[in-house]
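Engineer: Quick one: the structure is below, and I'll ask about it shortly.
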Number of protein chains: 2
Amino acid sequence: MSDDHNGPALRTALAYHRAWTSGDLDGAMAYVADDVFWRTPGEDLTGKDAYRDFLGGFLRVFTGSTDVAAFGDQEQALLCYYPHTDVTGTAPAAEHLTIRDGQIVENLLVFDRLSFAPPQA
Amino acid sequence: MSDDHNGPALRTALAYHRAWTSGDLDGAMAYVADDVFWRTPGEDLTGKDAYRDFLGGFLRVFTGSTDVAAFGDQEQALLCYYPHTDVTGTAPAAEHLTIRDGQIVENLLVFDRLSFAPPQA
């Protein structure tokens, strides 16, 4: 994503985003605080282990990403992109990240679970 | 939402957002272009009539909104907020708006349909 709308939180958010969307789970997790709160659709997760499990699980079906927009300021960043899986590449996702001391302390993740569900037999 | 991260697209986006979240459907539609494209979860809509039908339908169950963040620049805005219904007030939504000449020409709307579905009997 573009660095045009820059701020320290956005720089961290984009580094995190580039890491996980290139499949680098360890690199991504380096930006995640130990006591992170992650609001995912239908489930609130707390702590780095739960975060890693969820992100790692998604990476098993993730095939790529198309960036839409990225903004940020001193302490927050807001990203919009299309995650690709074998099911869809046209359902957008968004993340609102709260970042302190270079670490993600909160992530509000928005996507439509139904759009990513495997087709029913 | 805050005007801190300002730009002409964000000003239009926030005016639109304030209109519909206060129940002013006509006021909101004044910011929507005739040939608008609206990507909603599971359905792409084209044209102002389809846009109005969808937004008006949501307003029938909408009870309020909590702002999270809003950013924008010359031609795009990105909003994150919690829409409230009788079902949930803790499932975030996001909108990526493309704005030309003060009119919304494209809206990518992200929310999790399952989080807003009525509980199953």
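Every chain in the structure tokens has a letter given in the order shown (A, B, ...), and although residue numbers restart at 1 in each chain, ligands are simply numbered from 1 in the order shown.
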DSSP on the backbone, then: every residue of segment 9-104 of chain A marked strand (DSSP E), written as a PyMOL selection string.

Structural biologist: chain A and resi 32-40+43-46+64-72+76-84+93-100+103-104

Engineer: For the selection you just gave me, I'd like the residues written to a file as an mmCIF file, in the first residue's frame, keeping C-alpha atoms.

Structural biologist:
data_model
loop_
_atom_site.group_PDB
_atom_site.id
_atom_site.type_symbol
_atom_site.label_atom_id
_atom_site.label_comp_id
_atom_site.auth_asym_id
_atom_site.auth_seq_id
_atom_site.Cartn_x
_atom_site.Cartn_y
_atom_site.Cartn_z
ATOM 1 C CA VAL A 32 2.024 -7.370 17.712
ATOM 2 C CA ALA A 33 1.961 -6.549 21.437
ATOM 3 C CA ASP A 34 1.829 -9.401 23.967
ATOM 4 C CA ASP A 35 -1.513 -8.230 25.373
ATOM 5 C CA VAL A 36 -3.092 -7.394 21.998
ATOM 6 C CA PHE A 37 -6.872 -7.295 21.656
ATOM 7 C CA TRP A 38 -8.172 -8.527 18.289
ATOM 8 C CA ARG A 39 -11.813 -8.127 17.387
ATOM 9 C CA THR A 40 -12.488 -10.564 14.528
ATOM 10 C CA GLU A 43 -14.941 -13.598 18.099
ATOM 11 C CA ASP A 44 -12.819 -11.324 20.306
ATOM 12 C CA LEU A 45 -9.295 -12.626 20.843
ATOM 13 C CA THR A 46 -6.822 -11.557 23.544
ATOM 14 C CA GLY A 64 -2.744 -12.872 -2.159
ATOM 15 C CA SER A 65 -3.985 -9.345 -1.581
ATOM 16 C CA THR A 66 -5.007 -6.289 -3.568
ATOM 17 C CA ASP A 67 -4.547 -3.002 -1.749
ATOM 18 C CA VAL A 68 -7.322 -0.403 -1.752
ATOM 19 C CA ALA A 69 -6.313 2.325 0.726
ATOM 20 C CA ALA A 70 -4.249 2.990 3.841
ATOM 21 C CA PHE A 71 -4.345 5.957 6.195
ATOM 22 C CA GLY A 72 -2.956 6.681 9.619
ATOM 23 C CA GLN A 76 -4.027 4.610 14.609
ATOM 24 C CA ALA A 77 -4.121 3.237 11.099
ATOM 25 C CA LEU A 78 -6.988 2.218 8.855
ATOM 26 C CA LEU A 79 -6.430 -0.208 5.984
ATOM 27 C CA CYS A 80 -8.735 -1.501 3.254
ATOM 28 C CA TYR A 81 -7.770 -4.318 0.886
ATOM 29 C CA TYR A 82 -9.051 -7.376 -0.922
ATOM 30 C CA PRO A 83 -7.730 -10.602 0.588
ATOM 31 C CA HIS A 84 -7.711 -13.408 -1.970
ATOM 32 C CA ALA A 93 -11.656 -6.328 4.305
ATOM 33 C CA ALA A 94 -10.702 -3.482 6.603
ATOM 34 C CA GLU A 95 -8.543 -3.197 9.694
ATOM 35 C CA HIS A 96 -8.427 -0.445 12.296
ATOM 36 C CA LEU A 97 -5.136 -0.754 14.160
ATOM 37 C CA THR A 98 -4.203 1.017 17.376
ATOM 38 C CA ILE A 99 -0.445 1.215 17.732
ATOM 39 C CA ARG A 100 1.677 2.219 20.714
ATOM 40 C CA GLN A 103 3.360 -2.407 18.556
ATOM 41 C CA ILE A 104 -0.223 -3.226 17.595
#

Engineer: Could you write out as a list in words the residues of chain B within 7 Å of chain A, counting only C-alpha atoms?

Structural biologist: Pro41, Gly42, Phe71, Pro92, Ala93, Ala94, Val110, Phe111, Asp112, Arg113 and Ser115 of chain B

Engineer: Please produce chain A as a short mmCIF file (atom, residue, chain, number, x, y, z; two decimals) with N, CA and C atoms, in the first residue's frame once it has been superposed on chain B, the fit using all Cα atoms paired in sequence order.

Structural biologist:
data_model
loop_
_atom_site.label_atom_id
_atom_site.label_comp_id
_atom_site.auth_asym_id
_atom_site.auth_seq_id
_atom_site.Cartn_x
_atom_site.Cartn_y
_atom_site.Cartn_z
N MET A 1 -17.87 11.96 13.43
CA MET A 1 -16.45 11.61 13.40
C MET A 1 -15.61 12.88 13.33
N SER A 2 -14.38 12.76 13.66
CA SER A 2 -13.48 13.90 13.70
C SER A 2 -13.11 14.37 12.31
N ASP A 3 -12.92 15.68 12.19
CA ASP A 3 -12.43 16.25 10.93
C ASP A 3 -10.91 16.41 10.95
N ASP A 4 -10.25 15.83 11.91
CA ASP A 4 -8.82 16.07 12.09
C ASP A 4 -8.00 15.75 10.84
N HIS A 5 -8.38 14.68 10.17
CA HIS A 5 -7.58 14.21 9.03
C HIS A 5 -8.32 14.63 7.77
N ASN A 6 -8.16 15.88 7.41
CA ASN A 6 -9.12 16.47 6.51
C ASN A 6 -8.66 16.48 5.07
N GLY A 7 -9.60 16.62 4.19
CA GLY A 7 -9.42 16.69 2.77
C GLY A 7 -10.81 16.81 2.20
N PRO A 8 -10.92 17.26 0.96
CA PRO A 8 -12.27 17.48 0.42
C PRO A 8 -13.10 16.20 0.38
N ALA A 9 -12.47 15.06 0.07
CA ALA A 9 -13.25 13.82 0.02
C ALA A 9 -13.77 13.45 1.42
N LEU A 10 -12.93 13.67 2.42
CA LEU A 10 -13.36 13.33 3.78
C LEU A 10 -14.51 14.23 4.22
N ARG A 11 -14.44 15.50 3.85
CA ARG A 11 -15.54 16.39 4.25
C ARG A 11 -16.87 15.90 3.66
N THR A 12 -16.84 15.52 2.38
CA THR A 12 -18.07 14.99 1.77
C THR A 12 -18.50 13.70 2.45
N ALA A 13 -17.54 12.81 2.69
CA ALA A 13 -17.86 11.53 3.31
C ALA A 13 -18.49 11.72 4.68
N LEU A 14 -17.94 12.66 5.47
CA LEU A 14 -18.48 12.88 6.81
C LEU A 14 -19.87 13.52 6.76
N ALA A 15 -20.07 14.41 5.80
CA ALA A 15 -21.41 15.01 5.67
C ALA A 15 -22.43 13.93 5.30
N TYR A 16 -22.05 13.05 4.38
CA TYR A 16 -22.91 11.92 4.02
C TYR A 16 -23.16 11.01 5.22
N HIS A 17 -22.09 10.72 5.95
CA HIS A 17 -22.19 9.82 7.10
C HIS A 17 -23.10 10.40 8.17
N ARG A 18 -22.90 11.69 8.46
CA ARG A 18 -23.74 12.33 9.48
C ARG A 18 -25.20 12.34 9.07
N ALA A 19 -25.44 12.53 7.77
CA ALA A 19 -26.84 12.57 7.31
C ALA A 19 -27.51 11.22 7.52
N TRP A 20 -26.91 10.15 7.00
CA TRP A 20 -27.66 8.88 7.09
C TRP A 20 -27.70 8.34 8.51
N THR A 21 -26.63 8.57 9.30
CA THR A 21 -26.66 8.05 10.66
C THR A 21 -27.60 8.86 11.56
N SER A 22 -28.04 10.02 11.08
CA SER A 22 -29.08 10.74 11.83
C SER A 22 -30.46 10.47 11.23
N GLY A 23 -30.52 9.53 10.28
CA GLY A 23 -31.81 9.13 9.72
C GLY A 23 -32.26 9.96 8.54
N ASP A 24 -31.40 10.87 8.05
CA ASP A 24 -31.77 11.77 6.95
C ASP A 24 -31.38 11.13 5.61
N LEU A 25 -32.27 10.27 5.11
CA LEU A 25 -31.98 9.54 3.86
C LEU A 25 -31.86 10.50 2.68
N ASP A 26 -32.77 11.46 2.58
CA ASP A 26 -32.70 12.43 1.47
C ASP A 26 -31.40 13.22 1.53
N GLY A 27 -31.03 13.66 2.72
CA GLY A 27 -29.80 14.42 2.88
C GLY A 27 -28.59 13.61 2.47
N ALA A 28 -28.56 12.35 2.85
CA ALA A 28 -27.45 11.47 2.49
C ALA A 28 -27.39 11.28 0.97
N MET A 29 -28.54 11.04 0.38
CA MET A 29 -28.57 10.75 -1.07
C MET A 29 -28.13 11.95 -1.91
N ALA A 30 -28.18 13.15 -1.34
CA ALA A 30 -27.72 14.33 -2.07
C ALA A 30 -26.22 14.26 -2.37
N TYR A 31 -25.49 13.41 -1.65
CA TYR A 31 -24.04 13.24 -1.88
C TYR A 31 -23.72 12.05 -2.78
N VAL A 32 -24.74 11.38 -3.31
CA VAL A 32 -24.52 10.15 -4.06
C VAL A 32 -24.73 10.41 -5.55
N ALA A 33 -23.75 10.02 -6.37
CA ALA A 33 -23.83 10.24 -7.81
C ALA A 33 -24.88 9.32 -8.44
N ASP A 34 -25.46 9.77 -9.55
CA ASP A 34 -26.51 8.99 -10.22
C ASP A 34 -26.01 7.61 -10.64
N ASP A 35 -24.76 7.53 -11.07
CA ASP A 35 -24.24 6.25 -11.59
C ASP A 35 -23.33 5.57 -10.56
N VAL A 36 -23.61 5.76 -9.28
CA VAL A 36 -22.80 5.21 -8.21
C VAL A 36 -22.69 3.69 -8.30
N PHE A 37 -21.52 3.19 -7.91
CA PHE A 37 -21.32 1.74 -7.77
C PHE A 37 -21.16 1.45 -6.28
N TRP A 38 -21.96 0.54 -5.75
CA TRP A 38 -21.90 0.21 -4.32
C TRP A 38 -21.65 -1.29 -4.17
N ARG A 39 -20.50 -1.59 -3.67
CA ARG A 39 -20.18 -3.00 -3.35
C ARG A 39 -20.61 -3.27 -1.91
N THR A 40 -21.68 -4.00 -1.71
CA THR A 40 -22.13 -4.40 -0.38
C THR A 40 -21.82 -5.89 -0.20
N PRO A 41 -21.79 -6.38 1.04
CA PRO A 41 -21.46 -7.80 1.24
C PRO A 41 -22.41 -8.72 0.46
N GLY A 42 -21.88 -9.43 -0.50
CA GLY A 42 -22.66 -10.39 -1.26
C GLY A 42 -23.39 -9.83 -2.46
N GLU A 43 -23.40 -8.49 -2.65
CA GLU A 43 -24.16 -7.92 -3.76
C GLU A 43 -23.56 -6.60 -4.22
N ASP A 44 -23.30 -6.47 -5.52
CA ASP A 44 -22.87 -5.21 -6.11
C ASP A 44 -24.09 -4.48 -6.66
N LEU A 45 -24.24 -3.22 -6.26
CA LEU A 45 -25.38 -2.42 -6.69
C LEU A 45 -24.89 -1.29 -7.60
N THR A 46 -25.70 -0.93 -8.59
CA THR A 46 -25.35 0.17 -9.49
C THR A 46 -26.53 1.13 -9.58
N GLY A 47 -26.25 2.41 -9.44
CA GLY A 47 -27.27 3.43 -9.61
C GLY A 47 -27.87 3.89 -8.30
N LYS A 48 -28.36 5.12 -8.35
CA LYS A 48 -28.84 5.80 -7.15
C LYS A 48 -30.10 5.15 -6.57
N ASP A 49 -30.98 4.62 -7.42
CA ASP A 49 -32.21 4.01 -6.91
C ASP A 49 -31.89 2.77 -6.07
N ALA A 50 -30.98 1.93 -6.58
CA ALA A 50 -30.60 0.72 -5.83
C ALA A 50 -29.90 1.11 -4.53
N TYR A 51 -29.09 2.15 -4.60
CA TYR A 51 -28.38 2.63 -3.41
C TYR A 51 -29.39 3.07 -2.35
N ARG A 52 -30.36 3.88 -2.78
CA ARG A 52 -31.36 4.39 -1.84
C ARG A 52 -32.17 3.25 -1.22
N ASP A 53 -32.53 2.27 -2.03
CA ASP A 53 -33.30 1.13 -1.51
C ASP A 53 -32.51 0.39 -0.42
N PHE A 54 -31.21 0.18 -0.67
CA PHE A 54 -30.39 -0.57 0.30
C PHE A 54 -30.21 0.24 1.58
N LEU A 55 -29.84 1.50 1.42
CA LEU A 55 -29.61 2.34 2.61
C LEU A 55 -30.91 2.54 3.39
N GLY A 56 -31.99 2.78 2.68
CA GLY A 56 -33.28 2.93 3.34
C GLY A 56 -33.68 1.67 4.10
N GLY A 57 -33.39 0.52 3.50
CA GLY A 57 -33.69 -0.75 4.18
C GLY A 57 -32.89 -0.90 5.45
N PHE A 58 -31.61 -0.52 5.40
CA PHE A 58 -30.80 -0.64 6.61
C PHE A 58 -31.27 0.34 7.68
N LEU A 59 -31.71 1.52 7.27
CA LEU A 59 -32.16 2.51 8.25
C LEU A 59 -33.37 2.01 9.04
N ARG A 60 -34.13 1.07 8.48
CA ARG A 60 -35.30 0.55 9.21
C ARG A 60 -34.88 -0.27 10.43
N VAL A 61 -33.64 -0.83 10.43
CA VAL A 61 -33.18 -1.60 11.59
C VAL A 61 -32.07 -0.87 12.36
N PHE A 62 -31.58 0.23 11.80
CA PHE A 62 -30.47 0.99 12.39
C PHE A 62 -30.96 1.78 13.60
N THR A 63 -30.23 1.72 14.71
CA THR A 63 -30.64 2.46 15.90
C THR A 63 -29.60 3.50 16.35
N GLY A 64 -28.40 3.50 15.73
CA GLY A 64 -27.38 4.47 16.13
C GLY A 64 -26.01 4.03 15.64
N SER A 65 -25.00 4.84 15.96
CA SER A 65 -23.66 4.57 15.45
C SER A 65 -22.62 5.09 16.43
N THR A 66 -21.54 4.34 16.57
CA THR A 66 -20.39 4.81 17.34
C THR A 66 -19.22 4.94 16.39
N ASP A 67 -18.66 6.12 16.30
CA ASP A 67 -17.55 6.36 15.38
C ASP A 67 -16.26 5.74 15.91
N VAL A 68 -15.45 5.24 15.00
CA VAL A 68 -14.12 4.72 15.36
C VAL A 68 -13.03 5.59 14.74
N ALA A 69 -13.06 5.77 13.42
CA ALA A 69 -12.01 6.55 12.75
C ALA A 69 -12.49 6.99 11.38
N ALA A 70 -11.90 8.07 10.89
CA ALA A 70 -12.23 8.59 9.56
C ALA A 70 -11.00 9.28 8.99
N PHE A 71 -10.64 8.89 7.77
CA PHE A 71 -9.49 9.49 7.10
C PHE A 71 -9.88 9.79 5.65
N GLY A 72 -9.13 10.66 5.01
CA GLY A 72 -9.41 10.92 3.61
C GLY A 72 -8.35 11.79 2.99
N ASP A 73 -8.47 11.95 1.67
CA ASP A 73 -7.55 12.82 0.95
C ASP A 73 -8.34 13.53 -0.15
N GLN A 74 -7.72 13.72 -1.31
CA GLN A 74 -8.39 14.47 -2.36
C GLN A 74 -9.60 13.74 -2.93
N GLU A 75 -9.50 12.44 -3.05
CA GLU A 75 -10.53 11.72 -3.81
C GLU A 75 -11.11 10.51 -3.10
N GLN A 76 -10.56 10.17 -1.93
CA GLN A 76 -11.08 8.98 -1.26
C GLN A 76 -11.20 9.24 0.23
N ALA A 77 -12.08 8.48 0.85
CA ALA A 77 -12.23 8.53 2.30
C ALA A 77 -12.43 7.11 2.80
N LEU A 78 -11.98 6.89 4.04
CA LEU A 78 -12.08 5.57 4.65
C LEU A 78 -12.63 5.77 6.06
N LEU A 79 -13.77 5.16 6.33
CA LEU A 79 -14.47 5.32 7.60
C LEU A 79 -14.57 3.98 8.30
N CYS A 80 -14.52 4.00 9.63
CA CYS A 80 -14.76 2.81 10.44
C CYS A 80 -15.66 3.21 11.60
N TYR A 81 -16.68 2.43 11.85
CA TYR A 81 -17.67 2.78 12.89
C TYR A 81 -18.42 1.52 13.28
N TYR A 82 -19.12 1.62 14.41
CA TYR A 82 -20.00 0.55 14.84
C TYR A 82 -21.45 0.93 14.56
N PRO A 83 -22.09 0.31 13.58
CA PRO A 83 -23.53 0.55 13.43
C PRO A 83 -24.26 -0.26 14.50
N HIS A 84 -25.29 0.34 15.07
CA HIS A 84 -26.08 -0.36 16.09
C HIS A 84 -27.41 -0.80 15.49
N THR A 85 -27.77 -2.03 15.83
CA THR A 85 -29.13 -2.52 15.55
C THR A 85 -29.59 -3.22 16.82
N ASP A 86 -30.80 -3.75 16.80
CA ASP A 86 -31.25 -4.49 17.98
C ASP A 86 -30.43 -5.77 18.17
N VAL A 87 -29.73 -6.22 17.12
CA VAL A 87 -28.97 -7.47 17.20
C VAL A 87 -27.57 -7.24 17.77
N THR A 88 -26.90 -6.18 17.33
CA THR A 88 -25.51 -5.95 17.76
C THR A 88 -25.13 -4.48 17.69
N GLY A 89 -24.21 -4.11 18.56
CA GLY A 89 -23.58 -2.79 18.50
C GLY A 89 -22.08 -2.91 18.60
N THR A 90 -21.58 -4.13 18.47
CA THR A 90 -20.14 -4.37 18.64
C THR A 90 -19.52 -5.06 17.43
N ALA A 91 -20.18 -4.98 16.28
CA ALA A 91 -19.61 -5.50 15.03
C ALA A 91 -19.24 -4.30 14.17
N PRO A 92 -17.94 -4.06 13.94
CA PRO A 92 -17.56 -2.86 13.20
C PRO A 92 -17.90 -2.97 11.71
N ALA A 93 -18.04 -1.81 11.10
CA ALA A 93 -18.22 -1.70 9.65
C ALA A 93 -17.18 -0.72 9.13
N ALA A 94 -16.88 -0.82 7.85
CA ALA A 94 -15.98 0.13 7.22
C ALA A 94 -16.51 0.48 5.84
N GLU A 95 -16.20 1.69 5.41
CA GLU A 95 -16.58 2.13 4.07
C GLU A 95 -15.40 2.82 3.40
N HIS A 96 -15.10 2.41 2.18
CA HIS A 96 -14.13 3.14 1.36
C HIS A 96 -14.90 3.86 0.27
N LEU A 97 -14.89 5.19 0.34
CA LEU A 97 -15.66 6.02 -0.58
C LEU A 97 -14.74 6.70 -1.58
N THR A 98 -15.11 6.63 -2.85
CA THR A 98 -14.44 7.41 -3.88
C THR A 98 -15.36 8.56 -4.26
N ILE A 99 -14.80 9.77 -4.21
CA ILE A 99 -15.63 10.96 -4.35
C ILE A 99 -15.06 11.86 -5.44
N ARG A 100 -15.95 12.26 -6.35
CA ARG A 100 -15.55 13.19 -7.42
C ARG A 100 -16.57 14.31 -7.51
N ASP A 101 -16.09 15.55 -7.56
CA ASP A 101 -16.98 16.72 -7.65
C ASP A 101 -18.03 16.70 -6.54
N GLY A 102 -17.61 16.29 -5.34
CA GLY A 102 -18.52 16.33 -4.21
C GLY A 102 -19.57 15.23 -4.17
N GLN A 103 -19.43 14.25 -5.06
CA GLN A 103 -20.41 13.16 -5.13
C GLN A 103 -19.70 11.81 -4.94
N ILE A 104 -20.36 10.92 -4.23
CA ILE A 104 -19.84 9.56 -4.04
C ILE A 104 -20.10 8.78 -5.33
N VAL A 105 -19.00 8.34 -5.96
CA VAL A 105 -19.14 7.56 -7.20
C VAL A 105 -18.92 6.07 -6.95
N GLU A 106 -18.25 5.75 -5.84
CA GLU A 106 -18.05 4.34 -5.51
C GLU A 106 -17.99 4.19 -4.00
N ASN A 107 -18.59 3.12 -3.49
CA ASN A 107 -18.57 2.82 -2.06
C ASN A 107 -18.30 1.33 -1.91
N LEU A 108 -17.22 1.02 -1.23
CA LEU A 108 -16.96 -0.37 -0.83
C LEU A 108 -17.35 -0.48 0.64
N LEU A 109 -18.41 -1.21 0.91
CA LEU A 109 -18.95 -1.34 2.27
C LEU A 109 -18.56 -2.71 2.82
N VAL A 110 -17.96 -2.71 3.99
CA VAL A 110 -17.54 -3.96 4.61
C VAL A 110 -18.24 -4.12 5.95
N PHE A 111 -18.97 -5.19 6.10
CA PHE A 111 -19.45 -5.61 7.43
C PHE A 111 -19.69 -7.11 7.36
N ASP A 112 -19.83 -7.72 8.52
CA ASP A 112 -20.03 -9.16 8.60
C ASP A 112 -21.52 -9.45 8.70
N ARG A 113 -22.11 -9.96 7.61
CA ARG A 113 -23.56 -10.18 7.62
C ARG A 113 -24.00 -11.06 8.78
N LEU A 114 -23.21 -12.08 9.11
CA LEU A 114 -23.61 -13.00 10.18
C LEU A 114 -23.76 -12.27 11.52
N SER A 115 -22.90 -11.27 11.76
CA SER A 115 -22.97 -10.55 13.04
C SER A 115 -24.25 -9.74 13.18
N PHE A 116 -24.86 -9.38 12.03
CA PHE A 116 -26.07 -8.56 12.05
C PHE A 116 -27.34 -9.39 11.84
N ALA A 117 -27.19 -10.69 11.64
CA ALA A 117 -28.35 -11.54 11.39
C ALA A 117 -29.13 -11.73 12.68
N PRO A 118 -30.46 -11.75 12.58
CA PRO A 118 -31.26 -12.02 13.79
C PRO A 118 -30.88 -13.37 14.37
N PRO A 119 -30.91 -13.51 15.70
CA PRO A 119 -30.62 -14.81 16.30
C PRO A 119 -31.57 -15.87 15.77
N GLN A 120 -31.06 -17.05 15.56
CA GLN A 120 -31.91 -18.14 15.07
C GLN A 120 -32.80 -18.63 16.21
N ALA A 121 -34.05 -18.92 15.87
CA ALA A 121 -35.00 -19.39 16.90
C ALA A 121 -34.57 -20.78 17.38
#

Engineer: Could you pull out the alpha helix (DSSP H) residues of segment 51-84 of chain A from DSSP and send them as a short mmCIF file (atom, residue, chain, number, x, y, z; two decimals) with N, CA, C and O atoms, in the first residue's frame?

Structural biologist:
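As written to disk, part_31.cif reads:
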data_model
loop_
_atom_site.label_atom_id
_atom_site.label_comp_id
_atom_site.auth_asym_id
_atom_site.auth_seq_id
_atom_site.Cartn_x
_atom_site.Cartn_y
_atom_site.Cartn_z
N TYR A 51 -3.74 -14.50 18.68
CA TYR A 51 -3.58 -13.71 17.45
C TYR A 51 -2.83 -14.54 16.40
O TYR A 51 -3.25 -14.65 15.25
N ARG A 52 -1.72 -15.13 16.83
CA ARG A 52 -0.91 -15.91 15.90
C ARG A 52 -1.69 -17.10 15.35
O ARG A 52 -1.59 -17.42 14.17
N ASP A 53 -2.45 -17.77 16.20
CA ASP A 53 -3.25 -18.91 15.74
C ASP A 53 -4.24 -18.49 14.66
O ASP A 53 -4.41 -19.16 13.66
N PHE A 54 -4.91 -17.35 14.89
CA PHE A 54 -5.93 -16.90 13.93
C PHE A 54 -5.27 -16.48 12.61
O PHE A 54 -5.70 -16.90 11.53
N LEU A 55 -4.23 -15.67 12.71
CA LEU A 55 -3.57 -15.19 11.49
C LEU A 55 -2.92 -16.36 10.73
O LEU A 55 -3.03 -16.45 9.50
N GLY A 56 -2.29 -17.26 11.46
CA GLY A 56 -1.70 -18.43 10.83
C GLY A 56 -2.75 -19.29 10.13
O GLY A 56 -2.52 -19.82 9.03
N GLY A 57 -3.91 -19.42 10.76
CA GLY A 57 -4.99 -20.18 10.15
C GLY A 57 -5.46 -19.54 8.85
O GLY A 57 -5.70 -20.23 7.86
N PHE A 58 -5.57 -18.21 8.86
CA PHE A 58 -6.01 -17.54 7.63
C PHE A 58 -4.95 -17.67 6.54
O PHE A 58 -5.29 -17.82 5.35
N LEU A 59 -3.69 -17.63 6.92
CA LEU A 59 -2.63 -17.73 5.91
C LEU A 59 -2.67 -19.07 5.17
O LEU A 59 -2.20 -19.17 4.04
#
